[in-house]
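S.K.: One structure coming up, written as structure tokens, with questions to follow.
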Amino acid sequence: MESGGGAAAEKRFRGLGTPIPLGSQGPGSVNTRIPPPASGTPAPMGSRTPGALTARGSLVAKTPLGSQGPGGGGGGGGASPAGTPRGRRTPSGRVPPRPADLKFQLILIGNRGVGKTSLMERFTDDAYSDACKSTVGVDFKIKTIELGGKKIRLQIWDTAGQERFNSITSAYYRGARGILLVYDLTRRDSFLDLHKWMSMVDKYASEDVDLLLVGNKLDREAEREVTREEGLKFAQRFSGMRFCEASARENRNVEDIFLRLVEDIVRRMPMEPLSRDLMTGVLALPSEPPAPEPPTRRCC
Ligand SMILES: Nc1nc2c(ncn2[C@@H]2O[C@H](COP(=O)(O)OP(=O)(O)OP(=O)(O)O)[C@@H](O)[C@H]2O)c(=O)[nH]1
């Protein structure tokens, strides 16, 4: 397999090229119990405990390697705080939390075992485990953050890296505002496969999605197989793609990568008509989008 992104994959991204149907999906088992989010619209996110900073929605399972089966669990349901007018008390007498000003989805993709789940769990729960479990289908977590005075509710989708799940996971690309493309810097194959993932992005993601390339397992410097320069060079081939090396294990750069991606997304948000959901909060968008940053050399 050739190194880096294929030429066709490079044509896409942010409207610079028409998405090109590249590559073919692996056969993948189909887990029809997982409802993909509607294209272009945020999946329901009001189903978690109001006030909780993070929440898990398990549509999925993380199973020990070699014993995978269809993911269990349900997304859960519940009341959305958006249903209660601001400042009013609920029947139980509690003041509901301020609704989010913005809500959107991020998705983690990349080869099996590169650390997608670990990065997500480090970010959402500050948790990490050395246990090696493989995601079946998709998983997600919710995290609410404050950024620039805005309350932003993130739904973070963690996808299975195994090719056989591509037919399931690809359904989640379309609704994502941001994609974290992860490789393991101690495994060259996971870097060489990035062009495959970019082909998936090309084929299934929204054209204006923000992308961030993450070289994970920075704590294993002695076993490094991909140099930082190679990672940076790959990212530079795609307009606006950020690059960062991180360690979920040692919690290095993890918060940074998510927050920078969210910052990019918020900064580039178009002046689109606000959905009813968003109107429940104060949303101050600049009248004109700021001048775009130079597309390359952005890394942490
Ligand atoms: N040393 C080190 N190990 C890590 C790091 N991140 C994840 N791991 C380990 O790598 C293995 C795979 O991590 P996961 O987070 O399950 O990988 P994944 O990309 O979600 O894998 P799939 O669900 O199969 O696609 C686990 O044993 C983790 O403990 C890291 O930053 N450093």
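How things are named: the first chain in the structure tokens is A, the next is B, and so on; residues count from 1 in each chain; ligands count from 1 in the order shown.
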Hey, which residues come within 9 Å of ligand 1 if we count only C-alpha atoms and all ligand atoms? Could you give them as a PyMOL selection string?

M.R.: chain A and resi 62-63+65+108-121+128-138+158-162+182-184+216-220+246-252

S.K.: Could you pull out the helix (DSSP H, G or I) residues of segment 47-268 of chain A from DSSP and send them as an NGL selection string?

M.R.: :A and (81-83 or 116-125 or 163-172 or 188-192 or 194-204 or 221-223 or 228-236 or 254-268)

S.K.: Could you check which of A:Thr169, A:Asp256, A:Glu230, A:Leu106 is closest to Leu211 of chain A, using only C-alpha atoms?

M.R.: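 For Leu211 of chain A, the nearest of the given residues is A:Leu106.
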
S.K.: To one decimal in Å, tell me the separation between atom CA of Gly178 of chain A and atom CA of Phe123 of chain A.

M.R.: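 The value is 15.2 Å.
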
S.K.: Name the residues in contact with segment 257-263 of chain A at a cut-off of 8 Å, using only C-alpha atoms, excluding same-chain residues fewer than 3 positions from it; report them as number ranges by chain.

M.R.: A: 123, 147, 178, 210-212, 214, 244, 253-254, 266-267, 300

S.K.: Dump N, CA, C and O atoms for the selected residues as an mmCIF file, in the first residue's frame?

M.R.:
```cif
data_model
loop_
_atom_site.group_PDB
_atom_site.id
_atom_site.type_symbol
_atom_site.label_atom_id
_atom_site.label_comp_id
_atom_site.auth_asym_id
_atom_site.auth_seq_id
_atom_site.Cartn_x
_atom_site.Cartn_y
_atom_site.Cartn_z
ATOM 1 N N PHE A 123 -11.103 12.196 27.043
ATOM 2 C CA PHE A 123 -11.680 13.537 26.918
ATOM 3 C C PHE A 123 -12.988 13.670 27.704
ATOM 4 O O PHE A 123 -13.205 14.652 28.406
ATOM 5 N N LEU A 147 -17.092 27.310 25.656
ATOM 6 C CA LEU A 147 -16.016 27.832 24.813
ATOM 7 C C LEU A 147 -16.420 29.210 24.319
ATOM 8 O O LEU A 147 -17.478 29.350 23.698
ATOM 9 N N GLY A 178 -17.191 17.537 12.659
ATOM 10 C CA GLY A 178 -15.739 17.390 12.757
ATOM 11 C C GLY A 178 -15.346 15.929 12.810
ATOM 12 O O GLY A 178 -16.063 15.103 13.385
ATOM 13 N N ASP A 210 -14.793 19.624 9.305
ATOM 14 C CA ASP A 210 -13.431 19.953 9.742
ATOM 15 C C ASP A 210 -12.700 18.671 10.107
ATOM 16 O O ASP A 210 -13.253 17.801 10.775
ATOM 17 N N LEU A 211 -11.443 18.603 9.719
ATOM 18 C CA LEU A 211 -10.668 17.381 9.940
ATOM 19 C C LEU A 211 -9.453 17.634 10.814
ATOM 20 O O LEU A 211 -8.803 18.677 10.716
ATOM 21 N N LEU A 212 -9.175 16.663 11.657
ATOM 22 C CA LEU A 212 -7.997 16.748 12.500
ATOM 23 C C LEU A 212 -7.304 15.389 12.497
ATOM 24 O O LEU A 212 -7.935 14.362 12.758
ATOM 25 N N VAL A 214 -4.705 12.834 14.093
ATOM 26 C CA VAL A 214 -4.093 12.603 15.410
ATOM 27 C C VAL A 214 -3.162 11.399 15.344
ATOM 28 O O VAL A 214 -3.585 10.287 15.001
ATOM 29 N N CYS A 244 -1.941 16.783 15.129
ATOM 30 C CA CYS A 244 -1.428 16.793 16.493
ATOM 31 C C CYS A 244 -1.051 15.376 16.902
ATOM 32 O O CYS A 244 -1.717 14.417 16.510
ATOM 33 N N ASN A 253 -2.156 16.280 25.262
ATOM 34 C CA ASN A 253 -2.805 16.960 24.121
ATOM 35 C C ASN A 253 -4.240 16.512 23.841
ATOM 36 O O ASN A 253 -4.806 16.913 22.835
ATOM 37 N N VAL A 254 -4.802 15.687 24.703
ATOM 38 C CA VAL A 254 -6.124 15.137 24.377
ATOM 39 C C VAL A 254 -7.192 16.237 24.388
ATOM 40 O O VAL A 254 -7.947 16.390 23.427
ATOM 41 N N VAL A 266 -16.673 26.083 15.205
ATOM 42 C CA VAL A 266 -17.474 27.250 15.601
ATOM 43 C C VAL A 266 -17.065 28.459 14.774
ATOM 44 O O VAL A 266 -17.901 29.219 14.293
ATOM 45 N N ARG A 267 -15.773 28.623 14.570
ATOM 46 C CA ARG A 267 -15.283 29.770 13.819
ATOM 47 C C ARG A 267 -15.799 29.761 12.382
ATOM 48 O O ARG A 267 -16.048 30.798 11.795
ATOM 49 N N CYS A 300 -0.349 21.121 17.101
ATOM 50 C CA CYS A 300 -0.136 21.531 18.499
ATOM 51 C C CYS A 300 1.166 20.951 19.007
ATOM 52 O O CYS A 300 1.861 20.282 18.297
#
```

S.K.: What is the atom CA of Phe104 of chain A-atom CA of Phe234 of chain A distance in Å, reported with one decimal?

M.R.: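 Interatomic distance here is 26.3 Å.
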
S.K.: Among segment 146-236 of chain A, which ones does DSSP place in strand (DSSP E), written as an MDAnalysis selection string?

M.R.: chainID A and resid 146:147 150:159 176:184 210:216

S.K.: Hey, which of A:Arg122, A:Arg228, A:Arg242, A:Arg94 ends up closest to Thr186 of chain A? Count only C-alpha atoms.

M.R.: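 Once distances to Thr186 of chain A are computed over only C-alpha atoms, the minimum belongs to A:Arg228.
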
S.K.: Please indicate the distance in Å from atom CA of Arg224 of chain A to atom CA of Arg187 of chain A, rounded to one decimal place.

M.R.: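 These two atoms are separated by 7.5 Å.
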
S.K.: Kindly indicate which residue among A:Asp101, A:Met200, A:Leu180, A:Leu185 lies nearest to Glu223 of chain A, using only C-alpha atoms for the distances.

M.R.: A:Leu185

S.K.: Neighbours of segment 150-156 of chain A within 6 Å (only C-alpha atoms; same-chain residues fewer than 4 positions away dropped), as a list in words?

M.R.: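 In the requested format, the answer is Ala100, Asp101, Leu102, Lys103, Phe104, Gln105, Leu106, Ile107, Phe140, Lys141, Ile142, Lys143, Thr144, Ile145 and Glu146 of chain A.
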
S.K.: Grab the residues selected above and save them as an mmCIF file, in the first residue's frame with N, CA and C atoms.

M.R.:
```
data_model
loop_
_atom_site.group_PDB
_atom_site.id
_atom_site.type_symbol
_atom_site.label_atom_id
_atom_site.label_comp_id
_atom_site.auth_asym_id
_atom_site.auth_seq_id
_atom_site.Cartn_x
_atom_site.Cartn_y
_atom_site.Cartn_z
ATOM 1 N N ALA A 100 -27.931 24.235 25.807
ATOM 2 C CA ALA A 100 -26.731 24.483 25.013
ATOM 3 C C ALA A 100 -27.014 25.509 23.917
ATOM 4 N N ASP A 101 -26.017 26.350 23.669
ATOM 5 C CA ASP A 101 -26.127 27.303 22.564
ATOM 6 C C ASP A 101 -25.907 26.609 21.235
ATOM 7 N N LEU A 102 -25.043 25.632 21.266
ATOM 8 C CA LEU A 102 -24.717 24.899 20.038
ATOM 9 C C LEU A 102 -24.652 23.415 20.357
ATOM 10 N N LYS A 103 -24.998 22.637 19.384
ATOM 11 C CA LYS A 103 -24.877 21.183 19.528
ATOM 12 C C LYS A 103 -24.338 20.645 18.213
ATOM 13 N N PHE A 104 -23.350 19.816 18.308
ATOM 14 C CA PHE A 104 -22.955 19.131 17.083
ATOM 15 C C PHE A 104 -22.195 17.852 17.354
ATOM 16 N N GLN A 105 -21.967 17.141 16.281
ATOM 17 C CA GLN A 105 -21.369 15.812 16.376
ATOM 18 C C GLN A 105 -19.937 15.797 15.862
ATOM 19 N N LEU A 106 -19.116 15.038 16.577
ATOM 20 C CA LEU A 106 -17.752 14.755 16.124
ATOM 21 C C LEU A 106 -17.670 13.240 15.949
ATOM 22 N N ILE A 107 -16.759 12.812 15.111
ATOM 23 C CA ILE A 107 -16.622 11.363 14.918
ATOM 24 C C ILE A 107 -15.142 10.996 14.881
ATOM 25 N N PHE A 140 -21.110 6.143 21.472
ATOM 26 C CA PHE A 140 -21.019 7.597 21.565
ATOM 27 C C PHE A 140 -21.073 8.075 23.005
ATOM 28 N N LYS A 141 -20.544 9.257 23.184
ATOM 29 C CA LYS A 141 -20.618 9.920 24.475
ATOM 30 C C LYS A 141 -20.994 11.366 24.246
ATOM 31 N N ILE A 142 -21.562 11.938 25.276
ATOM 32 C CA ILE A 142 -21.937 13.345 25.223
ATOM 33 C C ILE A 142 -21.024 14.109 26.170
ATOM 34 N N LYS A 143 -20.550 15.239 25.717
ATOM 35 C CA LYS A 143 -19.803 16.115 26.637
ATOM 36 C C LYS A 143 -20.202 17.557 26.350
ATOM 37 N N THR A 144 -20.463 18.278 27.419
ATOM 38 C CA THR A 144 -20.807 19.687 27.268
ATOM 39 C C THR A 144 -19.622 20.523 27.703
ATOM 40 N N ILE A 145 -19.259 21.460 26.855
ATOM 41 C CA ILE A 145 -18.120 22.320 27.174
ATOM 42 C C ILE A 145 -18.542 23.788 27.060
ATOM 43 N N GLU A 146 -17.772 24.651 27.657
ATOM 44 C CA GLU A 146 -17.955 26.101 27.511
ATOM 45 C C GLU A 146 -16.780 26.602 26.697
#
```

S.K.: Name the closest residue to Phe238 of chain A among the candidates A:His195, A:Arg174, A:Arg268, A:Arg188; distances are taken between atoms, counting only C-alpha atoms.

M.R.: A:His195
